[in-house]
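This is run.json (JSON, C-alpha atoms).
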```json
[["chain", "number", "residue", "atom", "x", "y", "z"],
["Y", 1, "MET", "CA", -13.53, 14.04, 23.51],
["Y", 2, "VAL", "CA", -15.89, 11.17, 23.79],
["Y", 3, "GLU", "CA", -13.98, 8.26, 25.29],
["Y", 4, "SER", "CA", -15.72, 5.35, 23.60],
["Y", 5, "LEU", "CA", -14.14, 2.37, 21.94],
["Y", 6, "ASN", "CA", -17.55, 1.32, 20.66],
["Y", 7, "SER", "CA", -18.26, 3.99, 18.08],
["Y", 8, "TRP", "CA", -19.18, 3.61, 14.43],
["Y", 9, "ALA", "CA", -16.09, 5.52, 13.34],
["Y", 10, "ASN", "CA", -13.80, 3.26, 15.36],
["Y", 11, "ALA", "CA", -15.60, 0.15, 14.06],
["Y", 12, "ILE", "CA", -15.01, 1.29, 10.47],
["Y", 13, "THR", "CA", -11.35, 2.07, 11.21],
["Y", 14, "THR", "CA", -10.82, -1.32, 12.88],
["Y", 15, "THR", "CA", -12.48, -3.07, 9.93],
["Y", 16, "ARG", "CA", -10.14, -1.20, 7.59],
["Y", 17, "ILE", "CA", -7.12, -2.54, 9.50],
["Y", 18, "LEU", "CA", -8.50, -6.09, 9.54],
["Y", 19, "LEU", "CA", -9.33, -6.11, 5.81],
["Y", 20, "ALA", "CA", -6.04, -4.56, 4.68],
["Y", 21, "PRO", "CA", -4.31, -7.96, 4.23],
["Y", 22, "LEU", "CA", -6.96, -8.90, 1.66],
["Y", 23, "VAL", "CA", -5.71, -6.04, -0.53],
["Y", 24, "PHE", "CA", -2.12, -7.18, -0.15],
["Y", 25, "LEU", "CA", -3.05, -10.75, -1.13],
["Y", 26, "ALA", "CA", -5.08, -9.51, -4.12],
["Y", 27, "ILE", "CA", -2.19, -7.52, -5.63],
["Y", 28, "PRO", "CA", -1.02, -9.50, -8.67],
["Y", 29, "GLU", "CA", 2.67, -10.34, -8.88],
["Y", 30, "ASP", "CA", 2.90, -9.56, -12.60],
["Y", 31, "GLY", "CA", 2.17, -5.83, -12.24],
["Y", 32, "THR", "CA", -0.86, -5.92, -14.54],
["Y", 33, "GLY", "CA", -3.20, -4.57, -11.90],
["Y", 34, "SER", "CA", -6.41, -6.19, -10.81],
["Y", 35, "TRP", "CA", -9.99, -5.01, -10.68],
["Y", 36, "TRP", "CA", -10.45, -6.92, -7.41],
["Y", 37, "SER", "CA", -7.44, -5.35, -5.67],
["Y", 38, "PHE", "CA", -8.39, -1.93, -7.04],
["Y", 39, "PHE", "CA", -11.98, -2.32, -5.78],
["Y", 40, "LEU", "CA", -10.81, -3.40, -2.30],
["Y", 41, "TRP", "CA", -8.32, -0.52, -2.24],
["Y", 42, "PHE", "CA", -11.01, 1.97, -3.26],
["Y", 43, "VAL", "CA", -13.44, 0.74, -0.59],
["Y", 44, "LEU", "CA", -10.86, 0.79, 2.21],
["Y", 45, "CYS", "CA", -9.51, 4.24, 1.25],
["Y", 46, "SER", "CA", -13.04, 5.61, 0.94],
["Y", 47, "SER", "CA", -13.89, 4.25, 4.38],
["Y", 48, "ASP", "CA", -11.18, 6.55, 5.77],
["Y", 49, "GLY", "CA", -13.26, 9.54, 4.72],
["Y", 50, "ILE", "CA", -16.44, 7.97, 6.06],
["Y", 51, "ASP", "CA", -15.03, 7.25, 9.52],
["Y", 52, "GLY", "CA", -13.57, 10.76, 9.62],
["Y", 53, "TYR", "CA", -16.95, 12.26, 8.75],
["Y", 54, "ILE", "CA", -18.68, 10.22, 11.46],
["Y", 55, "ALA", "CA", -16.01, 11.10, 14.03],
["Y", 56, "ARG", "CA", -16.37, 14.83, 13.32],
["Y", 57, "ARG", "CA", -20.17, 14.64, 13.66],
["Y", 58, "ARG", "CA", -20.29, 12.43, 16.75],
["Y", 59, "GLY", "CA", -17.12, 13.60, 18.44],
["Y", 60, "PRO", "CA", -13.64, 12.14, 18.16],
["Y", 61, "THR", "CA", -12.33, 9.56, 20.59],
["Y", 62, "ALA", "CA", -8.82, 9.06, 21.94],
["Y", 63, "VAL", "CA", -8.93, 5.52, 20.54],
["Y", 64, "GLY", "CA", -9.94, 6.86, 17.13],
["Y", 65, "ALA", "CA", -7.16, 9.45, 17.19],
["Y", 66, "PHE", "CA", -4.73, 6.55, 17.59],
["Y", 67, "LEU", "CA", -6.42, 3.99, 15.29],
["Y", 68, "ASP", "CA", -7.11, 6.21, 12.25],
["Y", 69, "PRO", "CA", -3.48, 7.13, 11.47],
["Y", 70, "LEU", "CA", -2.47, 3.54, 12.29],
["Y", 71, "ALA", "CA", -5.00, 2.24, 9.74],
["Y", 72, "ASP", "CA", -3.65, 4.66, 7.12],
["Y", 73, "LYS", "CA", -0.09, 3.50, 7.72],
["Y", 74, "VAL", "CA", -0.97, -0.21, 7.73],
["Y", 75, "LEU", "CA", -2.93, 0.13, 4.50],
["Y", 76, "VAL", "CA", -0.53, 2.40, 2.59],
["Y", 77, "LEU", "CA", 2.77, 0.90, 3.74],
["Y", 78, "GLY", "CA", 1.47, -2.66, 3.44],
["Y", 79, "ALA", "CA", 0.36, -2.07, -0.15],
["Y", 80, "MET", "CA", 3.56, -0.23, -1.03],
["Y", 81, "PHE", "CA", 5.78, -2.97, 0.39],
["Y", 82, "THR", "CA", 3.72, -5.59, -1.45],
["Y", 83, "LEU", "CA", 4.25, -3.63, -4.67],
["Y", 84, "VAL", "CA", 7.99, -3.49, -3.89],
["Y", 85, "ALA", "CA", 8.05, -7.26, -3.23],
["Y", 86, "HIS", "CA", 6.42, -7.84, -6.64],
["Y", 87, "GLY", "CA", 8.99, -5.61, -8.37],
["Y", 88, "ILE", "CA", 6.43, -2.95, -9.28],
["Y", 89, "TYR", "CA", 7.52, -0.10, -6.99],
["Y", 90, "TRP", "CA", 11.15, 0.85, -6.52],
["Y", 91, "VAL", "CA", 12.24, 0.32, -2.91],
["Y", 92, "VAL", "CA", 13.92, 3.74, -2.43],
["Y", 93, "PRO", "CA", 10.82, 5.98, -2.43],
["Y", 94, "VAL", "CA", 8.90, 3.45, -0.33],
["Y", 95, "ALA", "CA", 11.76, 3.25, 2.18],
["Y", 96, "ILE", "CA", 11.84, 7.06, 2.45],
["Y", 97, "ILE", "CA", 8.09, 7.12, 3.09],
["Y", 98, "ALA", "CA", 8.29, 4.26, 5.62],
["Y", 99, "VAL", "CA", 11.16, 5.80, 7.60],
["Y", 100, "ARG", "CA", 9.36, 9.16, 7.82],
["Y", 101, "GLU", "CA", 6.06, 7.54, 8.82],
["Y", 102, "LEU", "CA", 7.69, 5.50, 11.57],
["Y", 103, "ALA", "CA", 9.84, 8.40, 12.79],
["Y", 104, "ILE", "CA", 6.94, 10.87, 12.99],
["Y", 105, "SER", "CA", 4.67, 8.27, 14.60],
["Y", 106, "GLY", "CA", 7.32, 7.61, 17.25],
["Y", 107, "TYR", "CA", 7.86, 11.33, 17.68],
["Y", 108, "ARG", "CA", 4.12, 11.90, 18.17],
["Y", 109, "ILE", "CA", 4.00, 9.13, 20.79],
["Y", 110, "VAL", "CA", 6.93, 10.65, 22.70],
["Y", 111, "LYS", "CA", 5.39, 14.13, 22.54],
["Y", 112, "SER", "CA", 1.97, 12.87, 23.65],
["Y", 113, "GLY", "CA", 3.67, 11.20, 26.62],
["Y", 114, "ARG", "CA", 4.84, 14.68, 27.59],
["Y", 115, "GLY", "CA", 1.35, 16.11, 27.17],
["Y", 116, "VAL", "CA", 2.05, 17.77, 23.82],
["Y", 117, "SER", "CA", -0.40, 17.10, 21.01],
["Y", 118, "VAL", "CA", 0.97, 16.89, 17.48],
["Y", 119, "PRO", "CA", -2.19, 16.93, 15.33],
["Y", 120, "ALA", "CA", -2.28, 15.96, 11.69],
["Y", 121, "SER", "CA", -1.58, 18.88, 9.39],
["Y", 122, "LYS", "CA", -3.42, 19.65, 6.19],
["Y", 123, "LEU", "CA", -0.26, 18.82, 4.24],
["Y", 124, "GLY", "CA", -0.03, 15.49, 6.06],
["Y", 125, "LYS", "CA", -3.57, 14.68, 4.97],
["Y", 126, "TYR", "CA", -2.75, 15.60, 1.36],
["Y", 127, "LYS", "CA", 0.30, 13.36, 1.59],
["Y", 128, "THR", "CA", -1.86, 10.40, 2.58],
["Y", 129, "VAL", "CA", -4.29, 11.02, -0.29],
["Y", 130, "VAL", "CA", -1.44, 11.22, -2.84],
["Y", 131, "GLN", "CA", 0.03, 7.99, -1.46],
["Y", 132, "GLN", "CA", -3.39, 6.32, -1.79],
["Y", 133, "PHE", "CA", -3.78, 7.54, -5.38],
["Y", 134, "SER", "CA", -0.32, 6.27, -6.30],
["Y", 135, "VAL", "CA", -1.23, 2.79, -5.11],
["Y", 136, "ALA", "CA", -4.66, 3.03, -6.77],
["Y", 137, "PHE", "CA", -3.13, 3.78, -10.18],
["Y", 138, "ALA", "CA", -0.62, 0.94, -9.72],
["Y", 139, "LEU", "CA", -3.54, -1.44, -9.04],
["Y", 140, "PHE", "CA", -5.94, -0.08, -11.68],
["Y", 141, "PRO", "CA", -5.68, -2.44, -14.69],
["Y", 142, "LEU", "CA", -5.89, 0.39, -17.25],
["Y", 143, "THR", "CA", -2.91, 2.28, -15.80],
["Y", 144, "ALA", "CA", -0.87, -0.46, -14.11],
["Y", 145, "LEU", "CA", 1.19, -1.22, -17.22],
["Y", 146, "ASP", "CA", 0.04, 1.24, -19.87],
["Y", 147, "ALA", "CA", 0.44, 4.45, -17.85],
["Y", 148, "THR", "CA", 3.11, 3.70, -15.28],
["Y", 149, "TRP", "CA", 4.05, 7.38, -15.32],
["Y", 150, "THR", "CA", 0.82, 8.15, -13.38],
["Y", 151, "TRP", "CA", 1.59, 6.08, -10.33],
["Y", 152, "THR", "CA", 5.35, 6.67, -10.54],
["Y", 153, "SER", "CA", 4.84, 10.45, -10.60],
["Y", 154, "LEU", "CA", 2.35, 10.28, -7.75],
["Y", 155, "LEU", "CA", 4.77, 8.13, -5.74],
["Y", 156, "TRP", "CA", 7.53, 10.75, -6.06],
["Y", 157, "ILE", "CA", 5.09, 13.58, -5.28],
["Y", 158, "ALA", "CA", 4.13, 11.57, -2.18],
["Y", 159, "VAL", "CA", 7.82, 11.36, -1.22],
["Y", 160, "VAL", "CA", 8.16, 15.15, -1.43],
["Y", 161, "LEU", "CA", 4.96, 15.73, 0.58],
["Y", 162, "THR", "CA", 6.06, 13.09, 3.07],
["Y", 163, "LEU", "CA", 9.38, 14.83, 3.70],
["Y", 164, "VAL", "CA", 7.95, 18.37, 3.78],
["Y", 165, "SER", "CA", 5.10, 17.43, 6.14],
["Y", 166, "GLY", "CA", 7.58, 15.58, 8.37],
["Y", 167, "VAL", "CA", 9.74, 18.69, 8.64],
["Y", 168, "GLN", "CA", 6.55, 20.70, 9.28],
["Y", 169, "TYR", "CA", 5.60, 18.47, 12.22],
["Y", 170, "LEU", "CA", 9.04, 18.83, 13.75],
["Y", 171, "TRP", "CA", 9.12, 22.59, 13.16],
["Y", 172, "TYR", "CA", 5.72, 23.29, 14.72],
["Y", 173, "SER", "CA", 6.31, 21.02, 17.71],
["Y", 174, "GLN", "CA", 9.59, 22.81, 18.58],
["Y", 175, "ARG", "CA", 8.00, 26.25, 18.72],
["Y", 176, "PRO", "CA", 6.64, 27.73, 21.96],
["Y", 177, "VAL", "CA", 3.25, 26.29, 22.93],
["Y", 178, "GLY", "CA", 1.16, 29.36, 22.02],
["Y", 179, "VAL", "CA", 2.91, 29.86, 18.69],
["Y", 180, "ALA", "CA", 2.82, 26.16, 17.82],
["Y", 181, "ALA", "CA", -0.88, 25.91, 18.61],
["Y", 182, "ALA", "CA", -1.68, 28.92, 16.45],
["Y", 183, "ALA", "CA", 0.47, 27.63, 13.58],
["Y", 184, "SER", "CA", -1.01, 24.15, 13.86],
["Y", 185, "ALA", "CA", -4.54, 25.52, 13.84],
["Y", 186, "GLU", "CA", -3.61, 27.60, 10.81],
["Y", 187, "SER", "CA", -2.23, 24.58, 8.93],
["Y", 188, "VAL", "CA", -5.32, 22.49, 9.65],
["Y", 189, "ALA", "CA", -7.76, 25.24, 8.70]]
```

Could you write out this file's structure as structure tokens?
Amino acid sequence: MVESLNSWANAITTTRILLAPLVFLAIPEDGTGSWWSFFLWFVLCSSDGIDGYIARRRGPTAVGAFLDPLADKVLVLGAMFTLVAHGIYWVVPVAIIAVRELAISGYRIVKSGRGVSVPASKLGKYKTVVQQFSVAFALFPLTALDATWTWTSLLWIAVVLTLVSGVQYLWYSQRPVGVAAAASAESVA
């Protein structure tokens, strides 16, 4: 791993974290959606793919491995809690997602302190994308009020993926090192 804080991928990830509050401020309180908040959301979520592409081409960094999932959590949970505060999202699914995200993040930190890597699984990546799409449809003016079933359905699908991927992380990390590494590589492939 390249140990550089000054990489393009890390700069994009850091910018995503710093700009996230603009999305939260742009979310309208009346639930009608907003082209501005949707555009900001789209740009910041798209930048996740861009920084990942750059990191894979140039080599990942330890800082990037920490910052990228942090940026995802800040962006997704911040937007979801803003939508809850505005009475758009129901608190229960968001609370389930938040508890899992915090628990698995803490678990990964503890495991890494013991020298055990708990890499992101393919299902975990799908979970993040579904969470992002749920928020996107809640912000998109054409679906915010007229097709609430889109973002509500995606939110509950995200809850299921969140729980299943959380169990998957715990399951793979409890297996013997050789078996866990093979299973983890299989899930990422």

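The residues that lie within 7 Å of the point (-3.3, 11.0, -10.0), counting all atoms listed in the file, are Phe133, Ser134, Thr150, Trp151 and Leu154 of chain Y.
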
Produce the centre coordinates and the three edge lengths, each in Å to one decimal, of the box along x, y and z that contains all listed atoms of segment 162-171 of chain Y with 8 Å added on each side, as AutoDock Vina command-line options.
```
--center_x 7.4 --center_y 17.8 --center_z 8.4 --size_x 20.6 --size_y 25.5 --size_z 26.7
```

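Excluding segment 44-51 of chain Y itself and any same-chain residue fewer than 6 positions from it, the protein and nucleic acid residues within 10 Å of it, counting only C-alpha atoms, are Ser7, Trp8, Ala9, Asn10, Ala11, Ile12, Thr13, Thr15, Arg16, Ile17, Leu19, Ala20, Val23, Phe38, Arg57, Gly64, Asp68, Pro69, Ala71, Asp72, Leu75, Val76, Thr128, Val129, Gln132, Phe133 and Ala136 of chain Y.
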
Q: Within 9 Å of segment 161-165 of chain Y, counting only C-alpha atoms, which residues show up once you throw out same-chain ones fewer than 5 positions away? Write them as a PyMOL selection string, please.
A: chain Y and resi 96-97+100-101+121-124+126-128+130+156+170

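We find atom CA of Ala85 of chain Y and atom CA of Leu145 of chain Y to be spaced 16.7 Å apart.
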
Q: May I ask for the distance between atom CA of Phe24 of chain Y and atom CA of Gly78 of chain Y, given in Å to one decimal place?
A: 6.8 Å

Q) atom CA of Ala158 of chain Y and atom CA of Leu18 of chain Y are how many Å apart? A) 24.7 Å

Q: Find the residues near segment 30-35 of chain Y: any atom within 7 Å, counting all atoms listed in the file, skip ones fewer than 3 places away on the same chain, and give them as a list in words.
A: Ile27, Phe38, Phe39, Ile88, Ala138, Leu139, Phe140, Pro141, Ala144 and Leu145 of chain Y

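Neighbours of Trp90 of chain Y closer than or equal to 10 Å, with only C-alpha atoms counted and sequence neighbours fewer than 4 positions away skipped, come out as Met80, Phe81, Leu83, Val84, Ala85, His86, Val94, Ala95, Thr152 and Leu155 of chain Y.
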
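Compared by their closest atoms to Val74 of chain Y, and using only C-alpha atoms, the residues Y:Leu102, Y:Leu40, Y:Val159, Y:Ala120 rank with Y:Leu102 nearest.
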